[in-house]
Amino acid sequence: MKRNQKFFVAVPADKQMEDRNVDGVPFSIPIKLLPEIYQIDSTNIQGHQLDVVYKFLDYEIRRQLGQHRDLWKLNTHQFFLKEPIKGIQGAINVFEGFTYKLARLADGHFYVALDLSTKYIDKHCLSHYINEGNVRTFENNYKGKRFLYLNGDNWYTIELLGFGKTIKEQDFIRDGSTFNVLNYITEKIENSRADLKRYVKPDDLSMSYTYPGRTMDPHSGATSLARMLYSTKDERVKSLHYLSIKDPSRRFEAINNYISSYFKNLKFNSGKLVISNEPLVEKIKNFWIPELLFHNNQRLKITGFNSGMRDFAYQRKQLIKNNGVINRTSFDAQYLLVPDEKYIDINLVEAFKNNAEFLIKKLAPAFDKFTIIRYPVKSCTSATVQIQEIEKALQRHQATQGFALVILPDLDAFSQSFLKTFHELLKSKFYPNLKVQCASAHNISSFFKPFSSSGKNSLVEYRVVEALKGRFSSYLFYLVLEHLIVNRKWPYALAKNLFYDIYIGIDVHDRHAGFTFFFKNGEQIIFHPEEVPQKTNSQRVEKVRAKTLNKVIYEKLKLYIPLFAPNPNGIVIIRDGRSFGVEFKALQSAVNTLVSEGILQKDTVKYGVVDLHKQSSVPIRIAAKTNSYDRLENPVAGSYKLMSPTEGFIFSTGYPFQIKGTSRPLNLSMKEGDLDFMKVMEDIFCQIMLAFSAPDKSNFLPVIIKLIDTLLEPLTSTREVNEEDEEDEEELMDIN
């Protein structure tokens with residue numbers, strides 16, 4: 001803490017501490033214990049005291065949870081039961097637990113914000129898969145992966161660096177002394193509650209590891225005590241996701257059970273820490289669903305909690321079907337790339353093409369037709385070679401500019417990993433000159449059946465199977481809608497302008513930064529990609545360089561403001577994830593320059609930067625009490641909870657949308673600027689209601705961020721790490 005321009009370390013008065021030196025860079029820092037003891041009145045905590053109270057209280061809760069014999073700690077605020085769910089078939093264990101965070105609300109009280117969490121971990125130890133005989137062949141499959149390490153009763157997350165000798169042969173040095181790995185871990189697990197000795201064999205390989213996200217000297221361990229951690233995106237755990245989906249009643253019941261089991265015997269400041277067993281109950285406010293505007297000036301307006309609100313999503317879809325897209329601009333060249341005849345019949349291609357063209361023309365009359373380009377399929381080759389074959393076919397037809405709908409080869413002929421890599425390479429290879437949308441030959445062919453005409457020269461004609469017409473119509477509608485979005489044809493807009501005239505969404509996916517410019521009511525939305533340097537494996541954030549931000553924001557605003565929003569009243573940057581200050585500086589610089597050029601009015605334009613988090617560090621959930629039943633339901637879409645005047649949560653997936661499980665929130669926080677935060681919150685909710693790709697379903701993200709994900713995410717081939725999986729330095733200190 002900083003007091004009177006000096007830095008101090010605050011120490012709890014009931015803790016013993018001696019004068020010491022703390023090693024730092026570039027020099028050692030002396031710390032001397034001062035004699036003064038300060039008192040804080042818990043009923044009247046002053047602003048400058050808040051950090052001390054919060055840090056002391058949060059640390060004590062985490063420390064005591066971390067010492068609980070039934071829990072293991074993934075990171076600072078995530079804890080899991082040591083017993084997995086019973087009865088799960090297969091090679092993966094499912095561990096249930098919770099994410100916890102201490103929060104102080106506007107009423108001045110501290111609260112435990114707690115939500116459920118699930119982790120997927122291999123049932124077998126690493127020694128089950130790798131040994132002296134195969135280590136050279138398979139070691140690269142495991143390097144850099146994360147594992148749960150069972151160090152006696154102390155379980156924690158590690159990142160594997162490599163393998164060594166067998167544990168009976170491998171030694172390591174710690175604090176100047178030499179230890180043998182087998183002897184060391186045998187002593188560690190001797191009295192552990194779990195029977196770990198049965199897993200450890202002298203001929204198991206040793207391994208070196210670090211704590212994730214930390215630069216440190218490697219530690220030594222045994223492969224027989226390490227179990228693979230699986231990401232929620234891993235194909236192997238998809239069939240288990242249903243276990244984490246809980247409706248509000250079941251979710252809050254589980255939350256209350258965790259509070260009762262693990263938060264009731266906590267102590268703080270030599271006394272018992274009293275935490276209520278009941279969740280906070282209060283009246284929650286909500287934003288109203290905005291009126292929507294479709295082509296032909298058709299509108300969708302909800303006036304109350306009636307059948308119209310219940311049918312809102314259905315009506316939104318029907319109005320697109322009946323009126324087509326609102327954006328009626330012309331199309332660039334359109335291509336239909338299909339595998340050679342060995343993989344898909346040319347008559348089937350024609351049948352699909354006719355159906356697709358008919359629907360696209362109905363929704364967007366400016367569309368003309370697809371030009372068919374056949375490409376050879378190399379079934380026994382790499383995805384890169386297959387892309388080269390497609391590139392040759394495109395060059396032969398001079399089809400390197402425009403938009404392409406690519407039919408991927410039959411799934412039966414290729415592995416899922418090949419098709420995934422092929423899909424990613426295909427989109428990134430030709431971007432941005434040729435923008436690609438993909439479809440599956442397997443899916444398409446499943447709807448059609450060949451019919452032969454009578455006569456000597458009978459022709460084969462493919463038609464949709466009568467019983468599958470409904471499913472095919474739905475499949476084709478969503479596929480065509482995605483293709484129209486790739487073509488920058490927006491289905492509908494808001495009927496009224498937002499509070500602020502211009503919103504700029506910013507996000508980074510691998511080598512591309514995406515910028516979405518949203519003007520007034522959304523009839524004009526401009527998407528702009530910008531290539532950026534690829535981040536390294538050590539980077540944990542997605543920062544856009546100041547030079548790129550300055551260039552794009554200034555140039556695009558200068559071009560678009562006179563066209564779409566003359567004399568705007570506000571410009572808001574919505575940064576997906578964490579902003580770094582450079583966003584506000586770039587916006588401020590652009591505003592100042594545009595004011596000097598007469599494009600903006602300094603006295604009327606407000607501007608600022610708001611961070612948007614899909615996953616908040618505060619795991620807040622809300623549920624609505626039903627009037628006549630003792631049960632909980634999801635809140636009304638548009639419900640919101642303010643944590644402070646500049647931070648809040650929006651729940652956008654509740655009623656009238658049908659969802660499995662419990663509505664999760666979007667976290668917004670204003671970082672800099674002179675904006676009215678409540679107006680920004682409502683504007684963001686209005687943008688969330690612009691569900692372009694799935695108009696009959698709920699939507700989680702505002703359109704300015706959703707479009708970046710839709711248009712850039714397929715270009716990303718690197719593995720993204722969830723924030724919840726990452727260690728921080730406080731966690732690593734606890735492990736040591």
# chains A, B, ... in the order shown; residues from 1 in each chain; ligands from 1
call {"tool": "residues_around", "arguments": {"residues": "segment 192-200 of chain A", "least_positions_apart": "5", "cutoff": "8 Å", "atoms": "only C-alpha atoms", "output": "list of chain:residue names"}}
result
A:Cys125, A:Gly152, A:Asp153, A:Thr186, A:Ala222, A:Ser224, A:Leu225
call {"tool": "closest_atom_pairs", "arguments": {"of": "segment 250-284 of chain A", "to": "segment 653-667 of chain A", "cutoff": "10 Å", "atoms": "only C-alpha atoms", "output": "Markdown table"}}
result
| residue | atom | partner | partner_atom | distance |
| --- | --- | --- | --- | --- |
| A:Arg250 | CA | A:Gly661 | CA | 9.1 |
| A:Arg251 | CA | A:Thr662 | CA | 7.6 |
| A:Phe252 | CA | A:Thr662 | CA | 9.8 |
call {"tool": "residues_around", "arguments": {"residues": "Phe472 of chain A", "least_positions_apart": "3", "cutoff": "12 Å", "atoms": "only C-alpha atoms", "output": "PyMOL selection string"}}
result
chain A and resi 352+355-356+443-448+463-469+475-480
call {"tool": "atom_distance", "arguments": {"atom1": "atom CA of His509 of chain A", "atom2": "atom CA of Leu712 of chain A"}}
result
6.3 Å
call {"tool": "select_by_dssp", "arguments": {"residues": "segment 202-310 of chain A", "states": "strand (DSSP E)", "output": "NGL selection string"}}
result
:A and (205-210 or 219-222 or 226-230 or 267-268 or 271-272 or 285-286 or 292-293 or 299-300)
call {"tool": "atom_distance", "arguments": {"atom1": "atom CA of Phe517 of chain A", "atom2": "atom CA of Ser428 of chain A"}}
result
22.6 Å
call {"tool": "residues_around", "arguments": {"residues": "segment 553-559 of chain A", "least_positions_apart": "4", "cutoff": "12 Å", "atoms": "only C-alpha atoms", "output": "number ranges by chain"}}
result
A: 501-506, 514-519, 526-530, 546-549, 563-568, 571-573, 582-600
call {"tool": "write_last_selection", "arguments": {"atoms": "N, CA and C atoms", "output": "CSV table (one decimal), in the first residue's frame"}}
result
chain,number,residue,atom,x,y,z
A,501,ASP,N,-24.0,7.4,-30.6
A,501,ASP,CA,-24.1,7.2,-32.0
A,501,ASP,C,-23.1,6.2,-32.7
A,502,ILE,N,-21.9,6.1,-32.1
A,502,ILE,CA,-20.9,5.2,-32.7
A,502,ILE,C,-20.3,4.2,-31.6
A,503,TYR,N,-20.3,3.0,-31.9
A,503,TYR,CA,-19.7,1.9,-31.1
A,503,TYR,C,-18.6,1.3,-32.0
A,504,ILE,N,-17.4,1.0,-31.3
A,504,ILE,CA,-16.3,0.3,-32.0
A,504,ILE,C,-16.0,-0.9,-31.2
A,505,GLY,N,-16.2,-2.1,-31.7
A,505,GLY,CA,-15.8,-3.3,-31.1
A,505,GLY,C,-14.4,-3.7,-31.5
A,506,ILE,N,-13.6,-4.1,-30.6
A,506,ILE,CA,-12.2,-4.5,-30.9
A,506,ILE,C,-11.9,-5.8,-30.2
A,514,GLY,N,-9.8,-7.5,-35.1
A,514,GLY,CA,-11.0,-7.2,-35.7
A,514,GLY,C,-11.6,-5.9,-35.2
A,515,PHE,N,-12.1,-5.0,-36.1
A,515,PHE,CA,-12.7,-3.8,-35.7
A,515,PHE,C,-14.1,-3.7,-36.3
A,516,THR,N,-15.2,-3.6,-35.4
A,516,THR,CA,-16.5,-3.5,-35.9
A,516,THR,C,-17.0,-2.0,-35.6
A,517,PHE,N,-17.4,-1.3,-36.6
A,517,PHE,CA,-18.0,0.1,-36.4
A,517,PHE,C,-19.5,0.0,-36.6
A,518,PHE,N,-20.2,0.4,-35.5
A,518,PHE,CA,-21.6,0.3,-35.5
A,518,PHE,C,-22.2,1.7,-35.4
A,519,PHE,N,-23.0,2.1,-36.3
A,519,PHE,CA,-23.5,3.5,-36.4
A,519,PHE,C,-25.0,3.6,-36.1
A,526,ILE,N,-19.8,-1.7,-40.2
A,526,ILE,CA,-18.6,-1.9,-41.0
A,526,ILE,C,-17.7,-2.8,-40.2
A,527,PHE,N,-17.3,-3.9,-40.9
A,527,PHE,CA,-16.3,-4.8,-40.2
A,527,PHE,C,-14.9,-4.6,-41.0
A,528,HIS,N,-13.9,-4.4,-40.2
A,528,HIS,CA,-12.5,-4.2,-40.7
A,528,HIS,C,-11.5,-5.1,-40.0
A,529,PRO,N,-10.8,-6.0,-40.8
A,529,PRO,CA,-9.8,-6.8,-40.2
A,529,PRO,C,-8.4,-6.1,-40.4
A,530,GLU,N,-7.5,-6.3,-39.5
A,530,GLU,CA,-6.2,-5.8,-39.6
A,530,GLU,C,-5.2,-6.9,-39.1
A,546,ALA,N,-0.3,0.3,-30.4
A,546,ALA,CA,-0.8,1.7,-30.5
A,546,ALA,C,-0.8,2.2,-31.9
A,547,LYS,N,0.2,1.9,-32.7
A,547,LYS,CA,0.3,2.3,-34.1
A,547,LYS,C,-0.9,1.8,-34.9
A,548,THR,N,-1.3,0.5,-34.7
A,548,THR,CA,-2.4,0.0,-35.4
A,548,THR,C,-3.7,0.6,-35.0
A,549,LEU,N,-3.9,0.8,-33.7
A,549,LEU,CA,-5.1,1.4,-33.1
A,549,LEU,C,-5.3,2.8,-33.7
A,563,LEU,N,-20.5,10.0,-43.5
A,563,LEU,CA,-21.5,9.2,-44.3
A,563,LEU,C,-22.6,8.7,-43.4
A,564,PHE,N,-22.3,8.2,-42.2
A,564,PHE,CA,-23.3,7.5,-41.4
A,564,PHE,C,-23.7,8.2,-40.1
A,565,ALA,N,-22.9,9.1,-39.6
A,565,ALA,CA,-23.2,9.7,-38.3
A,565,ALA,C,-22.6,11.1,-38.2
A,566,PRO,N,-23.1,12.0,-39.0
A,566,PRO,CA,-22.5,13.4,-38.9
A,566,PRO,C,-22.8,14.0,-37.5
A,567,ASN,N,-21.8,14.7,-36.9
A,567,ASN,CA,-21.9,15.3,-35.6
A,567,ASN,C,-22.4,14.3,-34.6
A,568,PRO,N,-21.6,13.2,-34.3
A,568,PRO,CA,-22.1,12.2,-33.4
A,568,PRO,C,-22.0,12.7,-31.9
A,571,ILE,N,-18.7,8.4,-28.9
A,571,ILE,CA,-18.0,7.3,-29.5
A,571,ILE,C,-17.5,6.4,-28.4
A,572,VAL,N,-17.9,5.1,-28.5
A,572,VAL,CA,-17.6,4.1,-27.4
A,572,VAL,C,-16.8,3.0,-28.0
A,573,ILE,N,-15.6,2.7,-27.4
A,573,ILE,CA,-14.9,1.5,-27.7
A,573,ILE,C,-15.3,0.4,-26.8
A,582,VAL,N,-3.9,2.0,-24.2
A,582,VAL,CA,-3.6,2.5,-25.6
A,582,VAL,C,-4.9,2.7,-26.4
A,583,GLU,N,-6.0,1.9,-26.0
A,583,GLU,CA,-7.2,2.1,-26.8
A,583,GLU,C,-7.8,3.5,-26.5
A,584,PHE,N,-7.8,4.0,-25.2
A,584,PHE,CA,-8.3,5.3,-24.9
A,584,PHE,C,-7.4,6.4,-25.5
A,585,LYS,N,-6.1,6.2,-25.5
A,585,LYS,CA,-5.2,7.2,-26.0
A,585,LYS,C,-5.4,7.3,-27.5
A,586,ALA,N,-5.6,6.2,-28.2
A,586,ALA,CA,-5.8,6.2,-29.7
A,586,ALA,C,-7.1,6.9,-30.0
A,587,LEU,N,-8.2,6.6,-29.2
A,587,LEU,CA,-9.5,7.3,-29.4
A,587,LEU,C,-9.4,8.8,-29.1
A,588,GLN,N,-8.7,9.1,-28.0
A,588,GLN,CA,-8.6,10.5,-27.7
A,588,GLN,C,-7.8,11.3,-28.7
A,589,SER,N,-6.7,10.7,-29.3
A,589,SER,CA,-6.0,11.3,-30.3
A,589,SER,C,-6.8,11.5,-31.6
A,590,ALA,N,-7.6,10.4,-31.9
A,590,ALA,CA,-8.5,10.5,-33.1
A,590,ALA,C,-9.5,11.6,-33.0
A,591,VAL,N,-10.1,11.7,-31.8
A,591,VAL,CA,-11.1,12.7,-31.5
A,591,VAL,C,-10.5,14.1,-31.6
A,592,ASN,N,-9.4,14.3,-31.0
A,592,ASN,CA,-8.7,15.7,-31.1
A,592,ASN,C,-8.4,16.1,-32.5
A,593,THR,N,-7.9,15.1,-33.3
A,593,THR,CA,-7.6,15.4,-34.7
A,593,THR,C,-8.8,15.7,-35.5
A,594,LEU,N,-9.9,14.9,-35.3
A,594,LEU,CA,-11.1,15.1,-36.0
A,594,LEU,C,-11.8,16.4,-35.6
A,595,VAL,N,-11.7,16.8,-34.4
A,595,VAL,CA,-12.2,18.1,-34.0
A,595,VAL,C,-11.5,19.2,-34.7
A,596,SER,N,-10.1,19.1,-34.8
A,596,SER,CA,-9.4,20.1,-35.5
A,596,SER,C,-9.7,20.2,-36.9
A,597,GLU,N,-10.1,19.0,-37.5
A,597,GLU,CA,-10.5,19.0,-38.9
A,597,GLU,C,-12.0,19.3,-39.2
A,598,GLY,N,-12.7,19.7,-38.1
A,598,GLY,CA,-14.1,20.1,-38.3
A,598,GLY,C,-15.0,18.9,-38.4
A,599,ILE,N,-14.6,17.7,-38.2
A,599,ILE,CA,-15.5,16.5,-38.4
A,599,ILE,C,-16.3,16.2,-37.1
A,600,LEU,N,-15.7,16.6,-36.0
A,600,LEU,CA,-16.4,16.4,-34.7
A,600,LEU,C,-16.5,17.7,-34.0
call {"tool": "closest_residue", "arguments": {"among": "A:Gly308, A:Gly570, A:Gly164, A:Pro339", "to": "Ile372 of chain A", "atoms": "only C-alpha atoms"}}
result
A:Pro339
